[in-house]
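Asks: Have a look at this one before I ask anything.
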Amino acid sequence: MPKKVVSGNYAAAYAAKHARVEVVAAYPITPQTSIIEKIAEFIANGEVENLQYVSVESEHSAMAACIGASATGARTFTATSAQGLALMHEMLHWAAGARLPVVMVDVNRAMAPPWSVWDDQTDSLAQRDTGWLQFYAENNQEVYDGVLMAFKIGEHEKVNLPVMVIESAFILSHTYDVVDMPSQEEIDDFLPPRKPLYTLTDFENPFSVGALGTPADYYEFRYRIEKAMENARKIIKEVGKEFGERFGRDYSRMIELYRTEDAEIVFMGMGSLMGTVKEAIDVLRNEGYKVGAAKVRWFRPFPKEELYELAKNVEGIAVLDRNFSFGQEGILFNEAKGVLYNTDANPVMKNYIVGLGGRDLTVNDVRVIAKNMKEIIEKKELDREIEWYHLKR
Amino acid sequence: MNTLFGEKKANAGKRVFKSVEEYPEVPITLGTTLSNFTGDWRTFIPVVDESKCIKCYICWKFCPEPSIYIKEDGYVAVDYDYCKGCGICANECPTKAISMVREEK
């Protein structure tokens with residue numbers, strides 16, 4: 001299979017091209033810009049047929065254009081980052097509420113002020129209640145695979161929801177890595193053209209999208225979205241398994257486990273920082289620590305059952321959050337703790353806030369956290385629930 | 001396809017969904033203008049006096065909804081299913097053929 005050395009952003013652009021997207025509407029924002037530059041290059045070079053690029057004046061309009069395009073039945077793609085994603089917020093509700101499977105790459109970037117263009121998950125996690133599925137990629141290969149799967153999952157007749165594929169700013173978006181890209185024939189076979197339930201271009205059967213829903217009807221449509229999210233759990237596993245069978249990279253688990261078979265302490269987190277953690281696990285295992293990693297691939301829908309299965313068999317979970325919900329705690333920690341509340345799984349859980357605004361998490365940092373977790377488990381006493389790990393004291 | 005498609009205006013808007021399964025998968029159609037009458041928001045309705053009407057169709061051009069239509073005989077009439085009673089037609093009519101009358105329901 002052909003391999004290419006590409007940045008995370010180019011991987012996303014190639015995936016969109018290979019998925020044969022029909023409409024792209026995007027507005028450039030650092031660090032996402034090179035995704036749409038690459039797509040513009042494909043169009044300029046005549047490498048893509050039947051792809052319409054819509055120029056817009058803001059991210060709000062970009063998502064509005066995508067919603068309109070998707071409602072006509074077109075396969076639609078866009079990309080953004082941080083402040084741009086925040087500007088899209090209202091439209092994200094529209095896309096999910098109207099059940100339009102737009103696929104978007106969000107290049108994770110910290111929210112200002114202070115102005116920052118570096119990696120932080122707060123932008124995408126702030127959109128968690130919009131009804132979008134969220135996939136967090138660890139490396140460039142997962143960005144590429146994630147976009148292809150996102151179309152298949154989002155456009156599935158039992159899902160019909162938009163999907164966000166999330167990659168880390170600069171750590172993935174601007175660094176180059178080998179990405180294995182299947183041939184166009186193989187991808188076409190995996191990802192056939194979209195079959196929309198309804199299209200606005202069906203002139204025989206007119207209808208309206210986004211019309212008024214009175215208190216008599218609105219509630220039921222909310223329930224339908226939740227149903228679709230529940231369906232998505234199954235579809236994600238099926239599509240991930242199929243992807244593994246076809247292309248050799250298995251995504252059938254919503255939480256990827258790494259050396260957790262006999263682990264006492266598990267590091268849980270999302271995105272590129274889990275690459276460092278896996279590296280650290282190997283080092284720590286050699287030093288005698290019984291540690292493993294659990295990478296949450298899909299944050300929405302949240303992998304409840306898989307988390308429960310994991311939590312039953314471990315003594316401690318260190319949740320690494322590259323985000324923070326002010327006034328409470330890290331968002332992944334909050335979700336994970338909530339899932340386990342009414343179960344018999346009762347591991348010690350501690351929240352480490354790491355890497356906000358692009359600060360590095362090194363292998364040695366993971367070692368310090370592992371030592372701290374080991375102490376907590378031995379003493380059976382939690383020193384503090386939330387630790388701002390990098391804080392200059 | 002959705003059974004709501006193609007419903008005639010005459011019986012549209014009367015459909016009531018009894019359980020969540022009856023709803024369309026995607027939130028569409030419920031609010032097509034065929035079933036979602038917007039005319040019951042008004043207080044005043046325009047009434048056309050055909051003896052004063054000169055068929056200039058300024059009211060027809062200005063109606064924002066548009067709920068003024070031209071009949072076969074060339075005079076204008078109002079579609080009260082959608083007229084919100086804004087009174088623009090009455091204001092613009094050069095011969096004052098349209099008057100706004102408080103609606104009694």
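Every chain in the structure tokens has a letter given in the order shown (A, B, ...), and although residue numbers restart at 1 in each chain, ligands are simply numbered from 1 in the order shown.
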Kindly determine which residues of chain A lie within 12 Å of chain B, considering only C-alpha atoms, and give the answer as an MDAnalysis selection string.
Replies: chainID A and resid 71 94:101 157:161 196:200 202:214 216:228
Asks: Show me, as a list of chain:residue names, the residues that have an atom within 6 Å of Val48 in chain B when counting only C-alpha atoms, minus same-chain residues fewer than 2 positions from it.
Replies: B:Glu50, B:Ala97, B:Ile98
Asks: Atoms to include: N, CA and C atoms. Write the selected residues as a PDB file, in the first residue's frame.
Replies:
ATOM      1  N   GLU B  50     -62.938  45.592  -3.664  1.00  0.00           N
ATOM      2  CA  GLU B  50     -62.656  45.460  -5.102  1.00  0.00           C
ATOM      3  C   GLU B  50     -63.142  46.657  -5.913  1.00  0.00           C
ATOM      4  N   ALA B  97     -57.737  50.865  -1.094  1.00  0.00           N
ATOM      5  CA  ALA B  97     -58.722  49.794  -1.302  1.00  0.00           C
ATOM      6  C   ALA B  97     -58.630  48.725  -0.222  1.00  0.00           C
ATOM      7  N   ILE B  98     -57.496  48.746   0.535  1.00  0.00           N
ATOM      8  CA  ILE B  98     -57.322  47.725   1.577  1.00  0.00           C
ATOM      9  C   ILE B  98     -57.428  48.391   2.937  1.00  0.00           C
TER      10      ILE B  98
END
Asks: So which residues of range 37-235 of chain A fall under strand (DSSP E) by DSSP, listed as number ranges by chain?
Replies: A: 52-55, 76-81, 103-108, 133-136, 163-168, 176-180
Asks: Store the residues picked out above, limited to N, CA and C atoms, as a short mmCIF file (atom, residue, chain, number, x, y, z; two decimals), in the first residue's frame.
Replies:
data_model
loop_
_atom_site.label_atom_id
_atom_site.label_comp_id
_atom_site.auth_asym_id
_atom_site.auth_seq_id
_atom_site.Cartn_x
_atom_site.Cartn_y
_atom_site.Cartn_z
N GLN A 52 -16.47 21.06 -4.90
CA GLN A 52 -16.77 22.49 -4.89
C GLN A 52 -16.19 23.11 -3.63
N TYR A 53 -15.32 24.11 -3.80
CA TYR A 53 -14.80 24.82 -2.64
C TYR A 53 -15.56 26.13 -2.51
N VAL A 54 -16.19 26.33 -1.36
CA VAL A 54 -16.98 27.54 -1.14
C VAL A 54 -16.17 28.52 -0.31
N SER A 55 -15.91 29.70 -0.88
CA SER A 55 -15.21 30.74 -0.12
C SER A 55 -16.20 31.42 0.82
N THR A 76 -19.78 16.37 2.71
CA THR A 76 -19.30 17.72 3.06
C THR A 76 -18.21 17.66 4.11
N PHE A 77 -17.23 18.54 3.94
CA PHE A 77 -16.06 18.54 4.83
C PHE A 77 -15.65 19.96 5.16
N THR A 78 -15.18 20.17 6.38
CA THR A 78 -14.59 21.46 6.73
C THR A 78 -13.55 21.22 7.82
N ALA A 79 -12.83 22.27 8.16
CA ALA A 79 -11.81 22.16 9.19
C ALA A 79 -11.67 23.51 9.89
N THR A 80 -11.32 23.45 11.17
CA THR A 80 -11.16 24.70 11.90
C THR A 80 -10.29 24.48 13.13
N SER A 81 -10.17 25.52 13.94
CA SER A 81 -9.40 25.48 15.19
C SER A 81 -10.01 26.47 16.18
N VAL A 103 -18.49 16.25 8.13
CA VAL A 103 -17.27 15.83 8.83
C VAL A 103 -16.35 17.03 8.95
N MET A 104 -15.84 17.25 10.15
CA MET A 104 -14.96 18.39 10.38
C MET A 104 -13.70 17.93 11.09
N VAL A 105 -12.56 18.46 10.65
CA VAL A 105 -11.33 18.25 11.41
C VAL A 105 -11.14 19.49 12.27
N ASP A 106 -11.01 19.27 13.57
CA ASP A 106 -10.68 20.38 14.45
C ASP A 106 -9.24 20.19 14.88
N VAL A 107 -8.42 21.20 14.60
CA VAL A 107 -7.04 21.13 15.07
C VAL A 107 -7.02 21.80 16.44
N ASN A 108 -6.94 20.96 17.46
CA ASN A 108 -7.00 21.40 18.85
C ASN A 108 -6.05 22.56 19.13
N LEU A 133 -20.32 13.72 17.09
CA LEU A 133 -19.44 12.65 17.52
C LEU A 133 -18.02 13.21 17.55
N GLN A 134 -17.22 12.77 18.50
CA GLN A 134 -15.85 13.29 18.58
C GLN A 134 -14.84 12.16 18.62
N PHE A 135 -13.90 12.22 17.67
CA PHE A 135 -12.81 11.24 17.58
C PHE A 135 -11.49 11.96 17.82
N TYR A 136 -10.71 11.48 18.78
CA TYR A 136 -9.42 12.12 19.08
C TYR A 136 -8.29 11.27 18.50
N VAL A 163 -19.61 14.52 12.54
CA VAL A 163 -18.47 13.95 13.25
C VAL A 163 -17.29 14.92 13.23
N MET A 164 -16.66 15.06 14.38
CA MET A 164 -15.49 15.91 14.51
C MET A 164 -14.27 15.00 14.70
N VAL A 165 -13.26 15.17 13.84
CA VAL A 165 -12.01 14.43 14.01
C VAL A 165 -11.00 15.43 14.55
N ILE A 166 -10.39 15.10 15.68
CA ILE A 166 -9.61 16.10 16.40
C ILE A 166 -8.14 15.71 16.45
N GLU A 167 -7.29 16.65 16.04
CA GLU A 167 -5.85 16.41 16.10
C GLU A 167 -5.19 17.55 16.87
N SER A 168 -4.00 17.28 17.39
CA SER A 168 -3.30 18.27 18.22
C SER A 168 -2.62 19.32 17.36
N TYR A 176 5.73 15.94 10.44
CA TYR A 176 5.60 14.97 9.37
C TYR A 176 5.83 13.56 9.88
N ASP A 177 5.07 12.66 9.32
CA ASP A 177 5.12 11.27 9.77
C ASP A 177 4.70 10.41 8.58
N VAL A 178 5.06 9.13 8.65
CA VAL A 178 4.66 8.23 7.57
C VAL A 178 3.18 7.89 7.74
N VAL A 179 2.42 8.08 6.69
CA VAL A 179 1.01 7.71 6.73
C VAL A 179 0.72 6.74 5.61
N ASP A 180 0.14 5.64 6.00
CA ASP A 180 -0.18 4.57 5.07
C ASP A 180 -1.54 4.88 4.44
#
Asks: From a DSSP pass on the backbone, collect the residues of range 134-290 of chain A flagged as alpha helix (DSSP H) and hand them back as a ChimeraX atom specification.
Replies: /A:140-154,184-190,218-247,273-286
Asks: List the spatial neighbours of Asp40 in chain B as a list in words - criterion: any atom at most 8 Å away, only C-alpha atoms, same-chain residues fewer than 6 positions off excluded.
Replies: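 That gives Asp81, Tyr82 and Lys84 of chain B.
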Asks: Which polymer residues have any atom within 12 Å of an atom of range 60-70 of chain B, counting only C-alpha atoms, with same-chain residues fewer than 2 positions away left out, as an NGL selection string?
Replies: :B and (33 or 37-39 or 45-48 or 53 or 55-58 or 72-93 or 98)
Asks: Could you tell me how far CA of Val24 in chain A sits from CA of Ile36 in chain A, in Å to one decimal place?
Replies: 8.5 Å
Asks: Which residues come within 10 Å of Ala86 in chain A, counting only C-alpha atoms, excluding same-chain residues fewer than 3 positions away, as a ChimeraX atom specification?
Replies: /A:59-60,80-83,89-92,111,123-124,126-127
Asks: Taking C-alpha atoms for each residue, export the selection above as a tab-separated table (two decimals), in the first residue's frame.
Replies:
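Output (selection.tsv):
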chain	number	residue	atom	x	y	z
A	59	GLU	CA	-16.27	30.01	10.34
A	60	HIS	CA	-19.90	30.67	11.17
A	80	THR	CA	-11.16	24.70	11.90
A	81	SER	CA	-9.40	25.48	15.19
A	82	ALA	CA	-10.09	27.07	18.57
A	83	GLN	CA	-11.61	30.55	18.17
A	89	HIS	CA	-20.74	26.93	17.94
A	90	GLU	CA	-24.30	27.94	17.06
A	91	MET	CA	-24.07	26.26	13.67
A	92	LEU	CA	-22.75	23.04	15.22
A	111	MET	CA	-8.61	29.33	23.71
A	123	ASP	CA	-11.90	24.15	22.23
A	124	SER	CA	-13.32	20.81	21.11
A	126	ALA	CA	-16.44	22.97	24.89
A	127	GLN	CA	-18.51	21.64	21.96
Asks: If you measure from CA of Gln184 in chain A to CA of Ile235 in chain A, what distance in Å do you get, rounded to one decimal?
Replies: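 If I compute the distance from CA of Gln184 in chain A to CA of Ile235 in chain A, I get 23.1 Å.
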Asks: If we count only C-alpha atoms and set the cut-off at 12 Å, which residues sit around Tyr258 in chain A, ignoring sequence neighbours fewer than 6 positions away in its own chain? Please answer as a list of chain:residue names.
Replies: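 Returned residues: A:Ile265, A:Val266, A:Phe267, A:Met268, A:Met274, A:Gly275, A:Val277, A:Lys278, A:Glu279, A:Ala280, A:Ile281, A:Asp282, A:Arg285, A:Lys290, A:Val291, A:Gly292, A:Ala293, A:Ala294, A:Lys295, A:Val296, A:Leu310.
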Asks: So that I have them on file, write out the residues from the current selection with N, CA and C atoms, as a CSV table (one decimal), in the first residue's frame.
Replies:
chain,number,residue,atom,x,y,z
A,265,ILE,N,-1.9,0.5,37.7
A,265,ILE,CA,-2.2,1.9,37.5
A,265,ILE,C,-2.4,2.1,36.0
A,266,VAL,N,-3.5,2.8,35.6
A,266,VAL,CA,-3.7,3.1,34.2
A,266,VAL,C,-3.8,4.6,34.0
A,267,PHE,N,-3.1,5.0,32.9
A,267,PHE,CA,-3.1,6.4,32.5
A,267,PHE,C,-4.2,6.6,31.5
A,268,MET,N,-5.1,7.5,31.7
A,268,MET,CA,-6.2,7.7,30.8
A,268,MET,C,-6.1,9.1,30.2
A,274,MET,N,-1.1,10.8,24.4
A,274,MET,CA,-1.1,9.4,24.8
A,274,MET,C,0.1,8.7,24.1
A,275,GLY,N,0.6,9.3,23.0
A,275,GLY,CA,1.8,8.7,22.3
A,275,GLY,C,2.9,8.7,23.3
A,277,VAL,N,2.7,8.9,26.5
A,277,VAL,CA,2.4,8.1,27.7
A,277,VAL,C,2.7,6.6,27.3
A,278,LYS,N,2.4,6.2,26.1
A,278,LYS,CA,2.7,4.8,25.7
A,278,LYS,C,4.2,4.5,25.8
A,279,GLU,N,5.0,5.5,25.3
A,279,GLU,CA,6.4,5.5,25.3
A,279,GLU,C,6.9,5.3,26.8
A,280,ALA,N,6.3,6.1,27.6
A,280,ALA,CA,6.6,6.1,29.0
A,280,ALA,C,6.3,4.8,29.7
A,281,ILE,N,5.2,4.2,29.3
A,281,ILE,CA,4.7,2.9,29.8
A,281,ILE,C,5.8,1.9,29.6
A,282,ASP,N,6.4,1.8,28.4
A,282,ASP,CA,7.5,0.9,28.2
A,282,ASP,C,8.7,1.1,29.1
A,285,ARG,N,7.6,0.1,32.7
A,285,ARG,CA,7.5,-1.4,32.9
A,285,ARG,C,8.8,-2.0,33.1
A,290,LYS,N,3.8,-1.5,37.4
A,290,LYS,CA,2.7,-2.2,36.6
A,290,LYS,C,1.8,-1.2,36.1
A,291,VAL,N,2.1,-0.6,35.0
A,291,VAL,CA,1.3,0.5,34.4
A,291,VAL,C,0.8,0.2,33.0
A,292,GLY,N,-0.3,0.8,32.7
A,292,GLY,CA,-0.8,0.6,31.3
A,292,GLY,C,-1.5,1.9,30.9
A,293,ALA,N,-1.9,2.0,29.6
A,293,ALA,CA,-2.5,3.2,29.1
A,293,ALA,C,-3.8,2.9,28.5
A,294,ALA,N,-4.8,3.8,28.7
A,294,ALA,CA,-6.1,3.7,28.1
A,294,ALA,C,-6.3,5.0,27.3
A,295,LYS,N,-6.3,4.9,26.0
A,295,LYS,CA,-6.5,6.1,25.2
A,295,LYS,C,-8.0,6.1,24.8
A,296,VAL,N,-8.6,7.2,25.2
A,296,VAL,CA,-10.0,7.4,24.8
A,296,VAL,C,-10.1,7.9,23.4
A,310,LEU,N,-12.6,-1.7,32.1
A,310,LEU,CA,-11.2,-1.4,32.5
A,310,LEU,C,-11.1,-1.1,34.0
